[in-house]
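Dropping protein25.csv in here (CSV, C-alpha atoms):
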chain,number,residue,atom,x,y,z
Q,1,MET,CA,-23.3,-4.8,3.0
Q,2,VAL,CA,-21.4,-7.2,5.1
Q,3,GLN,CA,-20.1,-6.2,8.5
Q,4,LEU,CA,-17.6,-8.7,10.0
Q,5,ARG,CA,-17.0,-9.0,13.7
Q,6,MET,CA,-14.8,-11.7,15.0
Q,7,ILE,CA,-15.7,-13.2,18.4
Q,8,LEU,CA,-13.3,-16.2,18.8
Q,9,ALA,CA,-9.6,-15.7,19.3
Q,10,LEU,CA,-7.4,-16.5,16.3
Q,11,THR,CA,-4.8,-19.3,16.5
Q,12,LEU,CA,-2.3,-18.1,14.0
Q,13,LEU,CA,0.9,-19.6,12.6
Q,14,SER,CA,4.2,-17.7,12.8
Q,15,SER,CA,6.8,-20.0,11.4
Q,16,VAL,CA,8.1,-18.0,8.5
Q,17,ALA,CA,10.5,-15.0,8.2
Q,18,GLY,CA,9.0,-11.6,7.4
Q,19,LEU,CA,7.9,-9.1,10.3
Q,20,ALA,CA,5.4,-6.4,9.4
Q,21,GLY,CA,7.0,-3.0,9.4
Q,22,CYS,CA,5.8,-0.2,11.5
Q,23,GLY,CA,5.2,3.6,11.4
Q,24,SER,CA,5.5,6.3,14.1
Q,25,SER,CA,2.6,8.1,15.6
Q,26,SER,CA,2.2,9.6,12.2
Q,27,GLU,CA,3.8,9.2,8.8
Q,28,ASP,CA,6.7,11.4,9.9
Q,29,PRO,CA,8.4,10.1,13.0
Q,30,ALA,CA,10.5,12.2,15.4
Q,31,PRO,CA,14.1,12.2,14.2
Q,32,THR,CA,16.3,9.3,15.2
Q,33,ALA,CA,19.9,8.5,14.7
Q,34,PRO,CA,20.5,7.8,11.1
Q,35,THR,CA,21.2,4.1,10.2
Q,36,ALA,CA,21.8,2.5,6.8
Q,37,PRO,CA,19.2,0.0,5.5
Q,38,THR,CA,19.9,-3.4,7.0
Q,39,SER,CA,19.1,-6.9,5.9
Q,40,THR,CA,18.7,-10.1,7.9
Q,41,SER,CA,19.2,-12.0,4.6
Q,42,SER,CA,22.4,-14.0,4.0
Q,43,SER,CA,21.8,-14.2,0.3
Q,44,PRO,CA,24.0,-12.1,-2.0
Q,45,ALA,CA,22.5,-8.9,-3.5
Q,46,ALA,CA,21.1,-9.3,-6.9
Q,47,SER,CA,22.4,-6.8,-9.5
Q,48,PRO,CA,20.2,-3.8,-10.0
Q,49,ALA,CA,18.6,-3.1,-13.4
Q,50,ALA,CA,21.4,-2.2,-15.8
Q,51,GLY,CA,21.7,1.6,-16.2
Q,52,GLY,CA,19.2,2.2,-13.4
Q,53,PRO,CA,15.7,3.7,-13.5
Q,54,ARG,CA,15.0,7.2,-15.0
Q,55,VAL,CA,12.1,9.6,-14.9
Q,56,SER,CA,11.2,9.8,-18.6
Q,57,ALA,CA,8.0,11.8,-18.5
Q,58,THR,CA,5.3,13.5,-16.4
Q,59,VAL,CA,2.1,11.5,-16.7
Q,60,ALA,CA,0.0,14.0,-14.9
Q,61,SER,CA,0.5,17.2,-12.8
Q,62,GLY,CA,-1.6,19.5,-10.6
Q,63,LEU,CA,-3.1,16.6,-8.6
Q,64,ALA,CA,-4.1,16.7,-5.0
Q,65,VAL,CA,-2.5,13.9,-2.9
Q,66,PRO,CA,-3.0,11.0,-5.3
Q,67,TRP,CA,-3.1,7.9,-3.2
Q,68,GLY,CA,-4.3,4.9,-5.1
Q,69,ILE,CA,-3.5,3.9,-8.7
Q,70,ALA,CA,-4.8,0.9,-10.6
Q,71,PHE,CA,-4.7,0.1,-14.3
Q,72,LEU,CA,-7.7,-0.9,-16.4
Q,73,PRO,CA,-7.4,-3.5,-19.1
Q,74,ASP,CA,-7.3,-0.8,-21.8
Q,75,GLY,CA,-4.2,0.8,-20.4
Q,76,SER,CA,-5.8,3.8,-18.7
Q,77,ALA,CA,-5.6,4.0,-14.9
Q,78,ILE,CA,-7.9,4.9,-12.0
Q,79,VAL,CA,-6.4,7.3,-9.5
Q,80,THR,CA,-7.9,8.3,-6.1
Q,81,GLU,CA,-7.2,11.6,-4.4
Q,82,ARG,CA,-7.1,11.3,-0.6
Q,83,ASP,CA,-8.4,14.7,0.4
Q,84,SER,CA,-10.6,15.8,-2.5
Q,85,ARG,CA,-12.3,12.4,-2.6
Q,86,ARG,CA,-12.2,12.5,-6.4
Q,87,VAL,CA,-11.8,9.4,-8.6
Q,88,LEU,CA,-9.9,10.2,-11.8
Q,89,ARG,CA,-9.3,8.3,-15.0
Q,90,LEU,CA,-5.9,8.9,-16.6
Q,91,THR,CA,-5.6,8.0,-20.3
Q,92,PRO,CA,-2.0,8.2,-21.5
Q,93,GLN,CA,-1.4,10.3,-24.6
Q,94,SER,CA,1.4,10.1,-27.1
Q,95,GLY,CA,3.9,12.8,-26.5
Q,96,GLY,CA,2.2,14.6,-23.6
Q,97,GLU,CA,0.6,14.3,-20.3
Q,98,ALA,CA,-2.3,11.9,-19.8
Q,99,GLU,CA,-5.9,13.0,-20.3
Q,100,VAL,CA,-7.4,13.4,-16.9
Q,101,THR,CA,-11.2,12.8,-16.5
Q,102,GLU,CA,-13.1,13.0,-13.2
Q,103,VAL,CA,-15.4,10.0,-13.2
Q,104,GLY,CA,-16.9,10.5,-9.7
Q,105,GLU,CA,-16.4,11.3,-6.1
Q,106,ILE,CA,-16.7,9.0,-3.0
Q,107,ASP,CA,-19.0,11.1,-0.8
Q,108,GLN,CA,-18.7,8.6,2.1
Q,109,ALA,CA,-15.0,9.4,2.6
Q,110,ALA,CA,-14.2,11.8,5.4
Q,111,PRO,CA,-10.7,13.1,4.9
Q,112,GLU,CA,-8.8,14.1,8.0
Q,113,VAL,CA,-5.0,14.2,8.4
Q,114,GLU,CA,-3.9,10.7,7.0
Q,115,ALA,CA,-7.5,9.5,6.5
Q,116,GLY,CA,-9.7,9.8,3.5
Q,117,LEU,CA,-10.1,8.2,0.1
Q,118,LEU,CA,-7.2,5.8,0.0
Q,119,GLY,CA,-6.6,2.6,-2.1
Q,120,VAL,CA,-8.2,1.4,-5.3
Q,121,ALA,CA,-8.2,-2.0,-7.1
Q,122,VAL,CA,-9.7,-3.2,-10.3
Q,123,SER,CA,-11.8,-6.4,-10.4
Q,124,PRO,CA,-10.0,-9.3,-12.0
Q,125,ASP,CA,-13.3,-9.7,-14.1
Q,126,PHE,CA,-13.5,-6.0,-14.9
Q,127,GLU,CA,-14.3,-6.6,-18.6
Q,128,VAL,CA,-17.4,-8.4,-17.4
Q,129,ASP,CA,-18.5,-6.7,-14.2
Q,130,ARG,CA,-16.9,-3.2,-14.7
Q,131,THR,CA,-16.3,-3.1,-10.9
Q,132,LEU,CA,-13.8,-1.0,-9.0
Q,133,PHE,CA,-13.0,-1.4,-5.3
Q,134,PHE,CA,-12.0,1.5,-2.9
Q,135,TYR,CA,-10.8,1.8,0.6
Q,136,ALA,CA,-12.2,4.9,2.4
Q,137,THR,CA,-12.3,6.4,5.9
Q,138,THR,CA,-15.8,7.4,6.7
Q,139,ALA,CA,-17.3,9.2,9.7
Q,140,GLU,CA,-17.9,5.8,11.3
Q,141,ASP,CA,-15.1,3.4,10.2
Q,142,ASN,CA,-12.7,2.4,7.4
Q,143,ARG,CA,-14.5,0.3,4.8
Q,144,VAL,CA,-14.1,-1.4,1.4
Q,145,LEU,CA,-16.5,-0.1,-1.2
Q,146,GLN,CA,-17.4,-1.2,-4.7
Q,147,ALA,CA,-18.7,0.8,-7.6
Q,148,GLU,CA,-19.4,0.1,-11.3
Q,149,LEU,CA,-17.6,2.2,-13.9
Q,150,ASP,CA,-19.8,2.9,-16.9
Q,151,GLY,CA,-17.6,4.6,-19.4
Q,152,ASP,CA,-16.4,7.7,-17.6
Q,153,ARG,CA,-19.1,7.7,-15.0
Q,154,LEU,CA,-18.8,6.0,-11.6
Q,155,GLY,CA,-21.9,4.4,-10.2
Q,156,GLU,CA,-23.1,4.7,-6.6
Q,157,PRO,CA,-20.6,3.0,-4.2
Q,158,THR,CA,-21.8,0.2,-1.9
Q,159,ALA,CA,-20.0,-1.3,1.0
Q,160,VAL,CA,-18.7,-4.8,0.9
Q,161,LEU,CA,-16.7,-4.8,4.2
Q,162,THR,CA,-17.3,-2.4,7.1
Q,163,GLY,CA,-16.3,-2.1,10.7
Q,164,ILE,CA,-12.5,-1.6,10.2
Q,165,PRO,CA,-11.5,0.8,13.0
Q,166,LYS,CA,-10.6,4.3,11.9
Q,167,GLY,CA,-8.3,7.0,13.1
Q,168,VAL,CA,-6.8,10.3,11.9
Q,169,ILE,CA,-3.5,8.3,11.5
Q,170,HIS,CA,-2.5,4.7,10.7
Q,171,ASP,CA,-5.5,3.7,8.6
Q,172,GLY,CA,-3.6,1.4,6.2
Q,173,GLY,CA,-5.6,1.6,3.0
Q,174,ARG,CA,-3.8,-0.4,0.3
Q,175,LEU,CA,-5.9,-2.8,-1.9
Q,176,LEU,CA,-4.5,-5.4,-4.1
Q,177,PHE,CA,-5.9,-8.5,-5.9
Q,178,GLY,CA,-3.6,-11.5,-5.6
Q,179,PRO,CA,-2.8,-14.2,-8.1
Q,180,ASP,CA,-5.5,-16.2,-6.4
Q,181,GLY,CA,-8.2,-13.7,-7.4
Q,182,PHE,CA,-8.9,-12.6,-3.8
Q,183,LEU,CA,-8.6,-9.0,-2.5
Q,184,TYR,CA,-5.9,-8.2,0.0
Q,185,VAL,CA,-6.6,-5.2,2.3
Q,186,SER,CA,-4.0,-3.5,4.6
Q,187,THR,CA,-5.3,-1.9,7.7
Q,188,GLY,CA,-3.6,0.2,10.4
Q,189,GLU,CA,-3.9,0.2,14.2
Q,190,THR,CA,-5.2,3.8,14.2
Q,191,GLY,CA,-2.7,4.9,16.8
Q,192,ASN,CA,-4.0,2.3,19.3
Q,193,PRO,CA,-1.1,-0.3,19.3
Q,194,ASP,CA,-3.1,-3.0,21.2
Q,195,LEU,CA,-5.5,-3.4,18.3
Q,196,ALA,CA,-2.7,-5.0,16.2
Q,197,GLN,CA,-2.6,-8.0,18.5
Q,198,ASP,CA,-6.3,-8.1,19.2
Q,199,PRO,CA,-7.8,-11.0,17.3
Q,200,GLY,CA,-11.3,-9.5,17.6
Q,201,SER,CA,-10.3,-6.3,15.8
Q,202,LEU,CA,-9.8,-5.8,12.0
Q,203,ALA,CA,-7.2,-3.1,12.8
Q,204,GLY,CA,-3.4,-3.7,12.3
Q,205,LYS,CA,-4.0,-6.6,10.0
Q,206,ILE,CA,-3.7,-7.7,6.4
Q,207,LEU,CA,-7.1,-9.0,5.4
Q,208,ARG,CA,-8.0,-11.5,2.5
Q,209,ILE,CA,-11.6,-11.4,1.3
Q,210,THR,CA,-13.7,-12.3,-1.7
Q,211,THR,CA,-15.3,-9.6,-3.9
Q,212,GLU,CA,-18.4,-10.0,-1.8
Q,213,GLY,CA,-16.5,-9.0,1.3
Q,214,VAL,CA,-16.5,-12.3,3.1
Q,215,PRO,CA,-13.5,-14.3,4.4
Q,216,ALA,CA,-11.7,-15.9,1.4
Q,217,PRO,CA,-11.4,-19.7,1.3
Q,218,GLY,CA,-8.2,-20.9,2.8
Q,219,ASN,CA,-7.8,-18.1,5.4
Q,220,PRO,CA,-6.3,-19.1,8.8
Q,221,ARG,CA,-9.8,-19.1,10.2
Q,222,SER,CA,-12.8,-19.7,7.9
Q,223,ASP,CA,-14.9,-17.2,9.8
Q,224,SER,CA,-12.3,-14.4,9.7
Q,225,PRO,CA,-10.9,-12.1,7.0
Q,226,VAL,CA,-7.5,-11.9,8.8
Q,227,TRP,CA,-4.6,-13.2,6.8
Q,228,SER,CA,-1.8,-11.8,9.1
Q,229,LEU,CA,-1.7,-9.7,12.2
Q,230,GLY,CA,0.7,-7.6,14.4
Q,231,HIS,CA,1.0,-4.8,11.8
Q,232,ARG,CA,1.3,-1.1,12.7
Q,233,ASN,CA,0.5,0.6,9.4
Q,234,VAL,CA,1.0,-1.2,6.1
Q,235,GLN,CA,0.6,1.1,3.1
Q,236,GLY,CA,2.4,-1.0,0.5
Q,237,LEU,CA,1.5,-4.5,-0.9
Q,238,ALA,CA,3.1,-6.2,-3.8
Q,239,PHE,CA,3.3,-9.8,-5.2
Q,240,ASP,CA,6.5,-10.9,-6.8
Q,241,ASP,CA,6.6,-13.2,-9.9
Q,242,ASN,CA,6.6,-16.3,-7.6
Q,243,GLY,CA,3.3,-15.2,-6.0
Q,244,GLN,CA,4.9,-14.1,-2.7
Q,245,LEU,CA,3.2,-11.2,-0.9
Q,246,TRP,CA,5.5,-8.4,0.4
Q,247,ALA,CA,4.5,-5.5,2.6
Q,248,SER,CA,6.1,-2.2,3.5
Q,249,GLU,CA,5.2,-0.7,6.8
Q,250,PHE,CA,5.8,2.4,9.0
Q,251,GLY,CA,7.9,1.8,12.1
Q,252,ASP,CA,7.7,3.7,15.3
Q,253,GLN,CA,10.8,5.6,16.3
Q,254,THR,CA,13.5,3.3,15.2
Q,255,TYR,CA,12.7,0.9,12.3
Q,256,ASP,CA,10.6,1.0,9.2
Q,257,GLU,CA,10.3,-2.5,7.6
Q,258,LEU,CA,9.9,-4.6,4.6
Q,259,ASN,CA,8.2,-7.9,5.4
Q,260,ARG,CA,7.5,-11.1,3.5
Q,261,VAL,CA,3.9,-11.9,4.4
Q,262,ARG,CA,2.8,-15.5,5.2
Q,263,LYS,CA,-0.5,-16.9,6.0
Q,264,GLY,CA,-1.3,-16.7,9.7
Q,265,ALA,CA,1.9,-15.0,10.7
Q,266,ASN,CA,2.2,-12.5,13.6
Q,267,TYR,CA,4.5,-9.6,12.8
Q,268,GLY,CA,4.9,-8.5,16.4
Q,269,TRP,CA,3.7,-4.9,16.7
Q,270,PRO,CA,3.6,-3.5,19.4
Q,271,GLU,CA,5.6,-6.1,21.2
Q,272,VAL,CA,8.5,-5.9,18.7
Q,273,GLU,CA,9.9,-3.2,16.5
Q,274,GLY,CA,12.6,-4.5,14.1
Q,275,THR,CA,14.4,-7.8,14.5
Q,276,GLY,CA,15.2,-10.0,17.5
Q,277,GLY,CA,11.8,-10.6,19.0
Q,278,PRO,CA,10.5,-13.8,20.6
Q,279,PRO,CA,10.1,-16.8,18.1
Q,280,GLU,CA,6.3,-16.4,18.0
Q,281,TYR,CA,6.9,-13.1,16.0
Q,282,VAL,CA,8.3,-12.9,12.5
Q,283,ASP,CA,11.3,-10.7,11.8
Q,284,PRO,CA,11.4,-8.1,9.0
Q,285,LEU,CA,13.9,-8.9,6.2
Q,286,LEU,CA,14.9,-5.3,5.8
Q,287,THR,CA,14.8,-2.3,8.1
Q,288,TRP,CA,15.3,1.5,7.6
Q,289,ALA,CA,15.7,4.5,9.8
Q,290,PRO,CA,12.4,6.4,9.5
Q,291,GLU,CA,14.2,9.5,8.1
Q,292,ASP,CA,15.4,7.4,5.2
Q,293,ALA,CA,12.0,5.8,4.4
Q,294,SER,CA,8.6,6.3,6.0
Q,295,PRO,CA,7.4,3.8,3.4
Q,296,SER,CA,4.1,3.9,1.6
Q,297,GLY,CA,3.5,2.2,-1.8
Q,298,LEU,CA,5.2,-0.9,-3.1
Q,299,ALA,CA,5.5,-2.5,-6.5
Q,300,PHE,CA,7.3,-5.4,-8.3
Q,301,ALA,CA,9.0,-5.1,-11.7
Q,302,ASP,CA,12.1,-6.4,-13.3
Q,303,GLY,CA,12.9,-8.8,-10.5
Q,304,THR,CA,12.9,-5.9,-8.1
Q,305,LEU,CA,10.7,-4.4,-5.4
Q,306,TRP,CA,10.2,-0.7,-5.6
Q,307,MET,CA,9.2,1.1,-2.4
Q,308,ALA,CA,8.0,4.7,-2.1
Q,309,GLY,CA,9.5,6.8,0.6
Q,310,LEU,CA,7.6,9.8,2.1
Q,311,ARG,CA,9.9,11.3,4.6
Q,312,GLY,CA,12.8,9.7,2.8
Q,313,GLU,CA,11.8,11.5,-0.4
Q,314,ARG,CA,13.1,8.7,-2.6
Q,315,LEU,CA,12.2,5.5,-4.4
Q,316,TRP,CA,13.9,2.4,-2.9
Q,317,GLN,CA,15.1,-0.2,-5.4
Q,318,ILE,CA,15.3,-3.6,-3.7
Q,319,PRO,CA,16.5,-6.5,-5.8
Q,320,LEU,CA,15.2,-10.0,-5.1
Q,321,ASP,CA,17.5,-13.0,-5.3
Q,322,GLY,CA,15.9,-16.4,-4.7
Q,323,GLY,CA,13.0,-14.8,-2.8
Q,324,ARG,CA,15.3,-12.8,-0.5
Q,325,PRO,CA,15.9,-9.0,-0.7
Q,326,GLY,CA,19.4,-7.8,-1.6
Q,327,GLN,CA,21.0,-4.4,-0.8
Q,328,PRO,CA,18.5,-1.5,-1.3
Q,329,THR,CA,19.4,1.5,-3.4
Q,330,GLY,CA,17.7,4.9,-3.0
Q,331,GLU,CA,16.8,6.6,-6.3
Q,332,PHE,CA,15.8,10.2,-7.0
Q,333,GLU,CA,16.6,11.3,-3.4
Q,334,GLY,CA,15.2,14.7,-2.7
Q,335,GLU,CA,14.4,15.4,-6.4
Q,336,TYR,CA,10.6,15.1,-6.3
Q,337,GLY,CA,9.8,15.4,-2.6
Q,338,ARG,CA,7.6,12.9,-0.8
Q,339,ILE,CA,6.7,9.8,-2.8
Q,340,ARG,CA,3.5,8.1,-1.9
Q,341,THR,CA,2.6,5.4,-4.5
Q,342,VAL,CA,4.4,3.3,-7.0
Q,343,VAL,CA,2.7,0.9,-9.4
Q,344,THR,CA,3.8,-1.3,-12.3
Q,345,THR,CA,2.5,-0.2,-15.7
Q,346,PRO,CA,1.1,-2.7,-18.2
Q,347,ASP,CA,4.3,-2.7,-20.1
Q,348,GLY,CA,6.5,-3.2,-17.1
Q,349,ASP,CA,7.7,0.3,-16.2
Q,350,LEU,CA,6.6,2.3,-13.2
Q,351,TRP,CA,4.2,5.1,-12.3
Q,352,VAL,CA,5.3,7.0,-9.2
Q,353,ALA,CA,3.1,9.5,-7.4
Q,354,THR,CA,4.3,12.4,-5.2
Q,355,SER,CA,2.5,13.5,-2.0
Q,356,ASN,CA,3.7,17.0,-1.4
Q,357,HIS,CA,0.2,18.5,-0.8
Q,358,ASP,CA,-0.5,16.1,2.1
Q,359,GLY,CA,0.3,18.7,4.8
Q,360,ARG,CA,3.9,17.5,5.4
Q,361,GLY,CA,5.6,18.4,2.1
Q,362,THR,CA,6.8,21.4,0.2
Q,363,PRO,CA,4.9,21.4,-3.1
Q,364,ALA,CA,6.6,22.3,-6.3
Q,365,GLU,CA,4.8,24.2,-9.0
Q,366,GLN,CA,3.6,21.0,-10.8
Q,367,ASP,CA,2.7,19.1,-7.7
Q,368,ASP,CA,1.3,16.7,-7.1
Q,369,ARG,CA,2.6,14.7,-10.0
Q,370,ILE,CA,2.6,11.2,-11.4
Q,371,LEU,CA,5.9,10.4,-13.1
Q,372,LEU,CA,6.8,7.7,-15.6
Q,373,VAL,CA,9.9,5.8,-14.5
Q,374,SER,CA,11.5,3.8,-17.3
Q,375,LEU,CA,13.5,0.7,-16.4
Q,376,ARG,CA,16.5,0.8,-18.7
Q,377,SER,CA,17.3,-2.9,-18.5
Q,378,ARG,CA,14.2,-3.7,-20.5

The structure given in the file should be rewritten as structure tokens.
Amino acid sequence: MVQLRMILALTLLSSVAGLAGCGSSSEDPAPTAPTAPTSTSSSPAASPAAGGPRVSATVASGLAVPWGIAFLPDGSAIVTERDSRRVLRLTPQSGGEAEVTEVGEIDQAAPEVEAGLLGVAVSPDFEVDRTLFFYATTAEDNRVLQAELDGDRLGEPTAVLTGIPKGVIHDGGRLLFGPDGFLYVSTGETGNPDLAQDPGSLAGKILRITTEGVPAPGNPRSDSPVWSLGHRNVQGLAFDDNGQLWASEFGDQTYDELNRVRKGANYGWPEVEGTGGPPEYVDPLLTWAPEDASPSGLAFADGTLWMAGLRGERLWQIPLDGGRPGQPTGEFEGEYGRIRTVVTTPDGDLWVATSNHDGRGTPAEQDDRILLVSLRSR
């Protein structure tokens, strides 16, 4: 187990555009005056996928707050449930819902409000090491765990990174391996805004670590896992086809944000919400009113970013044009309730998970569900 504590202050670069979005005191801010999504990009909007996305099947139903989804090399997927602490394996079936197998439970997780068993990632060398990575809120902290998957049985989890501050809100929790083979970890500021700017805290950051849990080579500081700071609560991470990292983040009372994440950049929270801050902070490229978004998961497919909306109850389609976001379009508004997670399937479509049993939604009979969203342009 590796516990990282930073002592020296970080000197971090902030010369690129992309401010980390924020969230309110919880995933559902108090109402604010509605505003349309806005972009600071001067690039023209790229055309959305011809014909638009459509929900073509239900992959699984009757789930309990599915939070993380990651595909295995054989096309099955690992799914985490936040409150039950269960780890599921979903194996797609022809002409019906996926076969759902419980492979284990993360007993270290201590679910409470927004905290619990959150993100999951599959080792880039899974066919050799059979390793899965999990982000979990425990009684002491948030931590990254690893466990070996032996067939349909999950081995005993062990910690690779501990000491991430925890809270009942704003725990971050998304895990994603980058094209560089390193693990990117989003953390929240736990409702304590000052932690986001504190270089000695792992809260309110995006971290970049090796599979052993130590700072990855090339980080802004060799002795720190911090890749970027000044975040409120990032719950969505995605790389585009140019290897650029994007993050979706809860705002406070005014702006949720989409940010282009750069090495060493400071995204401003709590000094800035939205655009127009001092030059040492990086502006978001898109902002939303919280009632239209409250963003969680993020994925990239078909030249487009797809962002899940909780309070917004929709899937945001955000075309990219030359590395800049075009005009967002809301899909499926109000049709499936709160949308927590969106991931790209091995064949380039999307799996989208609802979150209507999370204490803030109104569950339908089949909830929670994972839906297959087909992209018609393909």

Practice item. Name the closest residue to Val120 in chain Q among the candidates Q:Gly303, Q:Gly173, Q:Gly200, Q:Gly155; distances are taken between atoms, counting only C-alpha atoms. Key: Q:Gly173

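Proximity ranking of Q:Gly276, Q:Pro215, Q:Pro220, Q:Gly62 relative to Leu183 in chain Q places Q:Pro215 first, based on all atoms listed in the file.
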
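Interatomic distance, CA of Val261 in chain Q against CA of Ile339 in chain Q: 23.0 Å.
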
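With only C-alpha atoms as the atoms that count, the residue of Q:Thr101, Q:Ser228, Q:Thr275, Q:Thr287 with the shortest distance to Leu258 in chain Q is Q:Thr287.
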
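Across the structure, CA of Arg208 in chain Q and CA of Trp246 in chain Q are spaced 14.0 Å apart.
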
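With only the atoms specified (all atoms listed in the file) counting, those residues at most 6 Å away from (-2.5, 2.5, 11.5) are Q:Ile169, Q:His170, Q:Asp171, Q:Gly172, Q:Gly188, Q:Glu189, Q:Thr190, Q:Gly191, Q:Arg232, Q:Asn233.
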
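Of the residues listed (Q:Thr304, Q:Asn266, Q:Thr162, Q:Thr137), Q:Thr304 shows the shortest atom-to-atom separation from Ala238 in chain Q; distances use all atoms listed in the file.
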
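For the atom pair formed by CA of Leu237 in chain Q and CA of Trp306 in chain Q, the distance is 10.6 Å, given to one decimal.
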
Study note, to complete from the structure: The residue from Q:Ala196, Q:Val87, Q:Leu175, Q:Val100 with the smallest atom-to-atom distance to Pro157 in chain Q, counting all atoms listed in the file, is Q:Val87

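Minimum atom-to-atom distances from Q:Ala293, Q:Glu313, Q:Gly236, Q:Gln197 to Val272 in chain Q were compared using only C-alpha atoms, and the lowest value belongs to Q:Gln197.
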
Review point. Which residues come within 9 Å of Asp141 in chain Q, counting all atoms listed in the file, excluding same-chain residues fewer than 2 positions away, as a ChimeraX atom specification?
Key: /Q:136-139,143,162-167

Writer output for current selection, C-alpha atoms, as an mmCIF file, in the coordinates of the input:
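Final output, saved to part.cif:
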data_model
loop_
_atom_site.group_PDB
_atom_site.id
_atom_site.type_symbol
_atom_site.label_atom_id
_atom_site.label_comp_id
_atom_site.auth_asym_id
_atom_site.auth_seq_id
_atom_site.Cartn_x
_atom_site.Cartn_y
_atom_site.Cartn_z
ATOM 1 C CA ALA Q 136 -12.200 4.900 2.400
ATOM 2 C CA THR Q 137 -12.300 6.400 5.900
ATOM 3 C CA THR Q 138 -15.800 7.400 6.700
ATOM 4 C CA ALA Q 139 -17.300 9.200 9.700
ATOM 5 C CA ARG Q 143 -14.500 0.300 4.800
ATOM 6 C CA THR Q 162 -17.300 -2.400 7.100
ATOM 7 C CA GLY Q 163 -16.300 -2.100 10.700
ATOM 8 C CA ILE Q 164 -12.500 -1.600 10.200
ATOM 9 C CA PRO Q 165 -11.500 0.800 13.000
ATOM 10 C CA LYS Q 166 -10.600 4.300 11.900
ATOM 11 C CA GLY Q 167 -8.300 7.000 13.100
#

Check your understanding: Taking (4.7, 17.0, 4.5) in the file's coordinates as the center, which residues reach within 10 Å of it, counting all atoms listed in the file, put as a ChimeraX atom specification?
Key -> /Q:27-28,310-311,337-338,355-363

Check your understanding: Could you name the residues that touch Leu375 in chain Q at 7 Å or less, counting all atoms listed in the file, but leaving out those on the same chain fewer than 4 positions away, as number ranges by chain?
Key -> Q: 52-54, 349
